[in-house]
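Engineer: This is the structure I want to talk about, given as structure tokens.
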Amino acid sequence: MFNSKKELYQEMYRRMNQARFFEEKVSYFFARGMVHGTTHLSVGQEASSVGACMALRPDDIITSTHRGHSQVIGKGIDINKMMAELLGKYTGYCKGKGGSMHIADVEVGNLGANGVVGGGHGIATGAALTQKMKNTGKVVLCFFGDGASNEGSFHEALNLASVWNLPIIFYCENNLYGMSVPQDKAMNIKDIADRAKSYGIKGYIIDGNDAVGVHEKMSEIIDGVRSGNGPVLVESKTYRYLGHSKSDAQVYRTKEEVNSWKERDPLKIFKNKMVDMNIMTIDELEKIERETKQEIEDAVDFANNSENPPIESVTDDVYA
Amino acid sequence: MFNSKKELYQEMYRRMNQARFFEEKVSYFFARGMVHGTTHLSVGQEASSVGACMALRPDDIITSTHRGHSQVIGKGIDINKMMAELLGKYTGYCKGKGGSMHIADVEVGNLGANGVVGGGHGIATGAALTQKMKNTGKVVLCFFGDGASNEGSFHEALNLASVWNLPIIFYCENNLYGMSVPQDKAMNIKDIADRAKSYGIKGYIIDGNDAVGVHEKMSEIIDGVRSGNGPVLVESKTYRYLGHSKSDAQVYRTKEEVNSWKERDPLKIFKNKMVDMNIMTIDELEKIERETKQEIEDAVDFANNSENPPIESVTDDVYA
Amino acid sequence: MEMTYKDAIKMAMVEEMRRDEDVFLMGEDVGLYGGAFGVSVGMFEEFGEDRVRDTPISEAVIAGAACGAAVTGMRPIAEIMFMDFTTIAMDSIVNQAAKMRYMFGGKAKVPMVLRTPGGSGTGAAAQHSQSLEAWFCHVPGLKVVVPATPKDAKGLLKAAIRDDNPVMFIEQKTLYKTKGEVPEEDDFIIPLGKGEIKREGKDITVVSYGRMLPRVLEAAKKAAEKGIDVEVVDPRTLVPLDKEMIVESVKKTGKLLLVNEAVKTGGYIGEIAAMVAESEAFDYLDSPIVRLAGLDVPVPYNPELEAAIVPSEEKILDTLIKMVRKER
Amino acid sequence: MEMTYKDAIKMAMVEEMRRDEDVFLMGEDVGLYGGAFGVSVGMFEEFGEDRVRDTPISEAVIAGAACGAAVTGMRPIAEIMFMDFTTIAMDSIVNQAAKMRYMFGGKAKVPMVLRTPGGSGTGAAAQHSQSLEAWFCHVPGLKVVVPATPKDAKGLLKAAIRDDNPVMFIEQKTLYKTKGEVPEEDDFIIPLGKGEIKREGKDITVVSYGRMLPRVLEAAKKAAEKGIDVEVVDPRTLVPLDKEMIVESVKKTGKLLLVNEAVKTGGYIGEIAAMVAESEAFDYLDSPIVRLAGLDVPVPYNPELEAAIVPSEEKILDTLIKMVRKER
Ligand SMILES: Cc1ncc(C[n+]2csc(CCOP(=O)(O)OP(=O)(O)O)c2C)c(N)n1
Ligand SMILES: Cc1ncc(C[n+]2csc(CCOP(=O)(O)OP(=O)(O)O)c2C)c(N)n1
Ligand SMILES: [Mg+2]
Ligand SMILES: [Mg+2]
């Protein structure tokens, strides 16, 4: 897909910035009541999501979550249609019917964000079954959170995927909290990757704030899955900077904790790495930042200039 | 509860025989179409169930399963009321409304068999929560099968019990099959006890055909749970001799396999041990056998002489 | 060809699996064992373990994986061993499969069938005997089918498998061994949403489906001996419902009796009653709409109690006579 | 004292927890965070983490453990954050809690309350906006409550907590911030199963509950200006249902309009329509029973679409006028 490491990393940085700017914009809209409903922002988790997705082939498949903006942008998405969906427009990915929690693009292998915590586990497993039965050579990347790993659906899906030896990566973005509940009040283990043992599959722990590392390790892991080694469980340790959703006073954590993570900001880490490794210059990187920022502004224009769905469309597409 | 080891083992043998004879009788009834519905017999698993239950205090709590006759007999039950329930009589434990799959005696801590595989996990966890909140010193023994350990409810319950540090023993009677499906087609691990790691609790493997061993090990484990060490997962390896339920041609296993397990029959093993250890004589043991056999015959009489529930009772007890 | 309801279901699956390699069967013990009720006996031998898949005891992922397989190009038939256990799969069915297409603005299709047997009468008590079709009928995005005859079972299951939507295909345990004539043609399809008048009559309309239908037909036969001419409508598909057929029948007869096995409160025949009561047929009704349904109790074990909770043939006959003779 | 619906719910919980130490609250983020909708804010501080328990994200065991705690002597209040997620807890609710007493021949009681908010109107789309009360009404052994005012919320929740049966207490998201007078007495209880005539009238009966009730009352007020005298009945408890109050009202007015938010097909107002159509009130009805309900679609995200799927005040008013003036 990419002719060089540099191209790859340029695109990676572009997507991480898209995600960051996209969400900053969405956050701004919500704060001003310009968008309806709620949203779950992944600021701070961009490396984890984008790094992992970019280790996929373009035709591989993902299932995403309620905190899915970085995930679907990582997979590669038309940011205009995504912004339009957030604003409930007819030009959006779901014609205004889905919103933030249901961004999907089935044709290119994005089986959708999910409003139900753990709701994607079964779907991803079934998608992996299709790949195996049709022998497509594709793999499925199933995103979920630390909190989701306590749902029964996690257990059933990992077990089934293992028994059937399906090409799927269960990818847990552990940001230490499920809404307000810290990991240690929701489970009695430190590493979610340890749960792999229950299914006789491999578990991996990765640093989710280091995009380069995520990408490298995930490329390796995905190769194994693609070659028929069966499912794996990957735990990507990361952190969300913002509240759980629109309205969250964050009484459950300290400013210090948040700030300590901000010091390990995934975009900063990546930028430094690129410069240190002599892959990109500061100028090149900043150019990407400017461009993506502009892309987001353009997306806002696109969305703003788009029509609302016609009221009659409300009864469309209940059935095929 | 018992003044001597001998008294204990006498009672243990009595209960194992009760279970065996009870089920042989039930099997006979079903084969002749004299009982309605279906049943799941635990012949071969008596040591596992009775040995574990007898390590409890009489006021401790159990949740039982669809294959629960040995479990509830192990806990100590009025065999007349149990037989009456199997025959759908008004004198039965559930007034004829429950049948084999719902034998319960809530007052003495038997929270009931369950027709839903995995249906007892949550109930047992809640029961353990009560003990903790009320500080009763009681523990809960939650029975389930190897197959049930693949239900989402298993995962959610063990996780919650662990996080809340509840006094509960999750006791998996692994008889190698979930209906027709052998363990290795239903999960990719050899020892279900390994799943304890997912919850940060201890997992134990015991030989479920050796009642003495089960009882000793469980006594130790239960002590720990009672003293506040939190939940544990115990895997009791055992085998069912008969088909899954009433009608099962058992195409999924060989006669040889069944026979090899019969060589390790829990009643035989126990009997030999008692003699070897000079605890009971053959005569004493055989006396127990005769007595329990008679008890079952008496229970059949009791049940046969009992009334059917009056038709009007059909609308009783929907609400308290 | 005469065959059982059970074999008609198998025939539909086998034909569709031969025709379309995207169709496959998954569920607990559906393989070598042939399914808890023996519906799929022999299919494992014909199609192998890739296309007749035993699952662990994990209802949530059975339905969830069916959904995921369907949206990526397969046409799964998933079996949930007893309808009571769909309770464990409700998120997968209701929040995922049923809504995916709509949530995604029409950009997905989910061609899956979820087969599951409902009903009491087998002595299996409260957790193995429910009739929960009303729940699924209340979920836009799902289609719901309850066949009452071997012929309908075959034709409707084939239609369900070929349908591009999630279809709840609700089988009736106590009908599995009943026999009837079944067309052998490979292309015999009964379109979803078309009811059938199982008996024509002019004095009263009875709408019923599933296990209760044979009882209703028996009662209608006996009523005929008493000079009462009963029309029996079997909607067969509950969603989409053949409203027109029901409304037209009621307009003709002026009387409506509804019979189903599910507990009365909140059952689907209540929906049908309400639909008629707000339709143009209202003005043709000359007496109250009567429902005969299961008692509002869990299913008891004792065989007499179990039998007592569902409408009996006598009770149906009695009600027909009273309604036509206008006794209340 | 004037307070919000939300605070009235909290008041009921706090009073009952002070009165009875067996009562406790458990659910996702109900502790320090105070619940997704802030219902329990401050309770953690008063009662501590033993009695206000945060759980992992595990709906099946939340309901299952509540059942187990209840049958062993506690009186748990379990919160499921959105009604949509009761789908994950259905086995615990339906097969276990609801049936335990009956299956055990009356030898158990399960005094638990399951609180969960239903309804659309918050922009949360298809998986966070459903109104699924009809499902629970179809399950013998459960009681089902949907309060529409702060006063009812307090009185009914206290009754639910003191009830010895599993009670589904369905809150209405969009009503959380509405205000009303609430009695402060500790022993203010509204018995389950008693409806309330929220407005007396003689021309037409409207039965409605929950979120739609305020709209119905507004529409009734406007109808009055046009000389139409509307009676509004709020059953408040759906199971057990105050049938008598509804039947009597219809006998008086001869017309029945039913309004709820849930999707129309299979909704609980269908049950009410069927109940009336088979009651003695049938003969008093001078026109079809009309239902205004949610469209048969999943809940869409776009705010205009979202608003369009539920009955509006205008639509209700319009329908009232048409029904009374006998236009069809
Ligand atoms: C089944 C279900 N339960 C509860 C919720 C409400 N909820 C939304 S996000 C969330 C926290 C999820 O935590 P985690 O899985 O760690 O993901 P994160 O939000 O941290 O990315 C909760 C409880 C839900 N959407 N679905
Ligand atoms: C939720 C659920 N799924 C399926 C069944 C049907 N069923 C009854 S017992 C059984 C096998 C259970 O296996 P296991 O847990 O190993 O217990 P065992 O029967 O071996 O004692 C199955 C599939 C059920 N009763 N409940
Ligand atoms: Mg998290
Ligand atoms: Mg087993």
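Ligands are numbered from 1 in the order shown, residues from 1 within each chain, and chains are lettered A, B, ... in the order they appear in the structure tokens.
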Hey, what's within 6 Å of region 268-277 of chain D if we count only C-alpha atoms and toss same-chain stuff fewer than 3 positions away? As number ranges by chain, please?
Structural biologist: C: 266, 270-271, 273-274, 288-289; D: 134, 282
Engineer: Output N, CA and C atoms of each residue in that selection to a file, as a CSV table (one decimal), in the first residue's frame.
Structural biologist:
chain,number,residue,atom,x,y,z
C,266,GLY,N,-50.2,-8.9,26.9
C,266,GLY,CA,-49.1,-8.5,26.0
C,266,GLY,C,-48.9,-9.5,24.9
C,270,GLY,N,-53.3,-9.7,21.0
C,270,GLY,CA,-53.7,-8.4,21.5
C,270,GLY,C,-53.4,-7.3,20.4
C,271,GLU,N,-52.3,-7.4,19.8
C,271,GLU,CA,-51.9,-6.5,18.7
C,271,GLU,C,-53.0,-6.7,17.5
C,273,ALA,N,-56.0,-7.8,17.8
C,273,ALA,CA,-57.3,-7.3,18.2
C,273,ALA,C,-57.3,-5.7,18.1
C,274,ALA,N,-56.2,-5.1,18.5
C,274,ALA,CA,-56.1,-3.6,18.4
C,274,ALA,C,-56.1,-3.2,17.0
C,288,PRO,N,-68.0,-8.1,21.1
C,288,PRO,CA,-66.6,-7.9,21.5
C,288,PRO,C,-65.6,-8.9,20.8
C,289,ILE,N,-64.4,-8.4,20.6
C,289,ILE,CA,-63.4,-9.3,20.1
C,289,ILE,C,-62.9,-10.1,21.3
D,134,ALA,N,-43.4,-3.2,26.9
D,134,ALA,CA,-44.4,-4.2,26.5
D,134,ALA,C,-43.8,-5.6,26.7
D,282,PHE,N,-67.0,-2.5,25.3
D,282,PHE,CA,-67.2,-2.6,23.8
D,282,PHE,C,-68.5,-2.1,23.3
Engineer: Hey, which residues sit close to ligand 3? Say within 9 Å, counting only C-alpha atoms and all ligand atoms, and write them as number ranges by chain.
Structural biologist: A: 144-148, 172-179, 181-183, 239-240, 244
Engineer: Export, as a PDB file, in the first residue's frame, the selected residues with N, CA, C and O atoms.
Structural biologist:
ATOM      1  N   PHE A 144     -12.498  -2.744  21.450  1.00  0.00           N
ATOM      2  CA  PHE A 144     -13.357  -2.628  22.643  1.00  0.00           C
ATOM      3  C   PHE A 144     -12.532  -2.048  23.780  1.00  0.00           C
ATOM      4  O   PHE A 144     -11.316  -1.905  23.668  1.00  0.00           O
ATOM      5  N   GLY A 145     -13.205  -1.726  24.868  1.00  0.00           N
ATOM      6  CA  GLY A 145     -12.524  -1.086  25.988  1.00  0.00           C
ATOM      7  C   GLY A 145     -12.283  -2.031  27.151  1.00  0.00           C
ATOM      8  O   GLY A 145     -12.748  -3.172  27.152  1.00  0.00           O
ATOM      9  N   ASP A 146     -11.566  -1.541  28.142  1.00  0.00           N
ATOM     10  CA  ASP A 146     -11.343  -2.315  29.362  1.00  0.00           C
ATOM     11  C   ASP A 146     -12.676  -2.696  30.006  1.00  0.00           C
ATOM     12  O   ASP A 146     -12.877  -3.829  30.432  1.00  0.00           O
ATOM     13  N   GLY A 147     -13.571  -1.732  30.054  1.00  0.00           N
ATOM     14  CA  GLY A 147     -14.870  -2.001  30.668  1.00  0.00           C
ATOM     15  C   GLY A 147     -15.618  -3.089  29.926  1.00  0.00           C
ATOM     16  O   GLY A 147     -16.240  -3.970  30.536  1.00  0.00           O
ATOM     17  N   ALA A 148     -15.544  -3.044  28.611  1.00  0.00           N
ATOM     18  CA  ALA A 148     -16.257  -4.028  27.786  1.00  0.00           C
ATOM     19  C   ALA A 148     -15.769  -5.441  28.037  1.00  0.00           C
ATOM     20  O   ALA A 148     -16.514  -6.404  27.823  1.00  0.00           O
ATOM     21  N   CYS A 172      -8.148  -4.583  22.777  1.00  0.00           N
ATOM     22  CA  CYS A 172      -8.695  -3.875  23.928  1.00  0.00           C
ATOM     23  C   CYS A 172      -7.948  -2.570  24.155  1.00  0.00           C
ATOM     24  O   CYS A 172      -6.751  -2.577  24.458  1.00  0.00           O
ATOM     25  N   GLU A 173      -8.637  -1.479  23.997  1.00  0.00           N
ATOM     26  CA  GLU A 173      -8.007  -0.195  24.309  1.00  0.00           C
ATOM     27  C   GLU A 173      -8.278   0.100  25.776  1.00  0.00           C
ATOM     28  O   GLU A 173      -9.345   0.587  26.147  1.00  0.00           O
ATOM     29  N   ASN A 174      -7.307  -0.215  26.583  1.00  0.00           N
ATOM     30  CA  ASN A 174      -7.461  -0.043  28.027  1.00  0.00           C
ATOM     31  C   ASN A 174      -7.048   1.378  28.409  1.00  0.00           C
ATOM     32  O   ASN A 174      -5.865   1.703  28.499  1.00  0.00           O
ATOM     33  N   ASN A 175      -8.073   2.204  28.623  1.00  0.00           N
ATOM     34  CA  ASN A 175      -7.801   3.591  29.024  1.00  0.00           C
ATOM     35  C   ASN A 175      -8.055   3.781  30.523  1.00  0.00           C
ATOM     36  O   ASN A 175      -8.282   4.890  30.987  1.00  0.00           O
ATOM     37  N   LEU A 176      -8.034   2.680  31.236  1.00  0.00           N
ATOM     38  CA  LEU A 176      -8.066   2.655  32.706  1.00  0.00           C
ATOM     39  C   LEU A 176      -9.434   2.903  33.337  1.00  0.00           C
ATOM     40  O   LEU A 176      -9.593   2.690  34.541  1.00  0.00           O
ATOM     41  N   TYR A 177     -10.370   3.355  32.549  1.00  0.00           N
ATOM     42  CA  TYR A 177     -11.695   3.609  33.114  1.00  0.00           C
ATOM     43  C   TYR A 177     -12.789   3.074  32.198  1.00  0.00           C
ATOM     44  O   TYR A 177     -12.678   3.167  30.973  1.00  0.00           O
ATOM     45  N   GLY A 178     -13.833   2.571  32.808  1.00  0.00           N
ATOM     46  CA  GLY A 178     -15.087   2.335  32.116  1.00  0.00           C
ATOM     47  C   GLY A 178     -16.022   3.384  32.671  1.00  0.00           C
ATOM     48  O   GLY A 178     -16.439   3.284  33.825  1.00  0.00           O
ATOM     49  N   MET A 179     -16.277   4.403  31.905  1.00  0.00           N
ATOM     50  CA  MET A 179     -17.020   5.553  32.390  1.00  0.00           C
ATOM     51  C   MET A 179     -16.338   6.087  33.662  1.00  0.00           C
ATOM     52  O   MET A 179     -15.193   6.538  33.581  1.00  0.00           O
ATOM     53  N   VAL A 181     -15.683   4.261  36.404  1.00  0.00           N
ATOM     54  CA  VAL A 181     -15.167   3.192  37.261  1.00  0.00           C
ATOM     55  C   VAL A 181     -13.746   2.803  36.833  1.00  0.00           C
ATOM     56  O   VAL A 181     -13.536   2.357  35.708  1.00  0.00           O
ATOM     57  N   PRO A 182     -12.785   2.965  37.742  1.00  0.00           N
ATOM     58  CA  PRO A 182     -11.413   2.614  37.400  1.00  0.00           C
ATOM     59  C   PRO A 182     -11.263   1.103  37.256  1.00  0.00           C
ATOM     60  O   PRO A 182     -12.016   0.335  37.870  1.00  0.00           O
ATOM     61  N   GLN A 183     -10.308   0.719  36.462  1.00  0.00           N
ATOM     62  CA  GLN A 183     -10.116  -0.704  36.187  1.00  0.00           C
ATOM     63  C   GLN A 183     -10.074  -1.534  37.463  1.00  0.00           C
ATOM     64  O   GLN A 183     -10.668  -2.598  37.528  1.00  0.00           O
ATOM     65  N   TYR A 239      -4.955   6.132  27.351  1.00  0.00           N
ATOM     66  CA  TYR A 239      -5.663   7.015  28.286  1.00  0.00           C
ATOM     67  C   TYR A 239      -6.516   7.995  27.499  1.00  0.00           C
ATOM     68  O   TYR A 239      -6.099   8.477  26.448  1.00  0.00           O
ATOM     69  N   ARG A 240      -7.692   8.304  28.020  1.00  0.00           N
ATOM     70  CA  ARG A 240      -8.476   9.362  27.382  1.00  0.00           C
ATOM     71  C   ARG A 240      -8.307  10.641  28.192  1.00  0.00           C
ATOM     72  O   ARG A 240      -8.405  10.629  29.416  1.00  0.00           O
ATOM     73  N   HIS A 244     -15.753  11.172  30.010  1.00  0.00           N
ATOM     74  CA  HIS A 244     -16.317   9.992  29.360  1.00  0.00           C
ATOM     75  C   HIS A 244     -17.221  10.366  28.183  1.00  0.00           C
ATOM     76  O   HIS A 244     -17.153   9.794  27.112  1.00  0.00           O
TER      77      HIS A 244
END
Engineer: Using only C-alpha atoms, pick whichever of D:Val30, D:Ala66, D:Leu213, D:Met11 has the shortest atom-to-atom distance to chain A.
Structural biologist: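 With only C-alpha atoms as the atom set, the closest residue is D:Val30.
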Engineer: Give me, as an NGL selection string, all polymer residues having an atom no more than 10 Å from region 302-317 of chain A, counting only C-alpha atoms and skipping those fewer than 5 positions away in the same chain.
Structural biologist: (:A and (79-92 or 95-97 or 296-297)) or (:C and (99-109 or 141)) or (:D and (295-300 or 302-309))
Engineer: Which of these, C:Lys143, C:Asp164, C:Glu280, C:Ile57, has the shortest distance to ligand 4 once you count only C-alpha atoms and all ligand atoms?
Structural biologist: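 That would be C:Ile57, the residue with the smallest distance to ligand 4.
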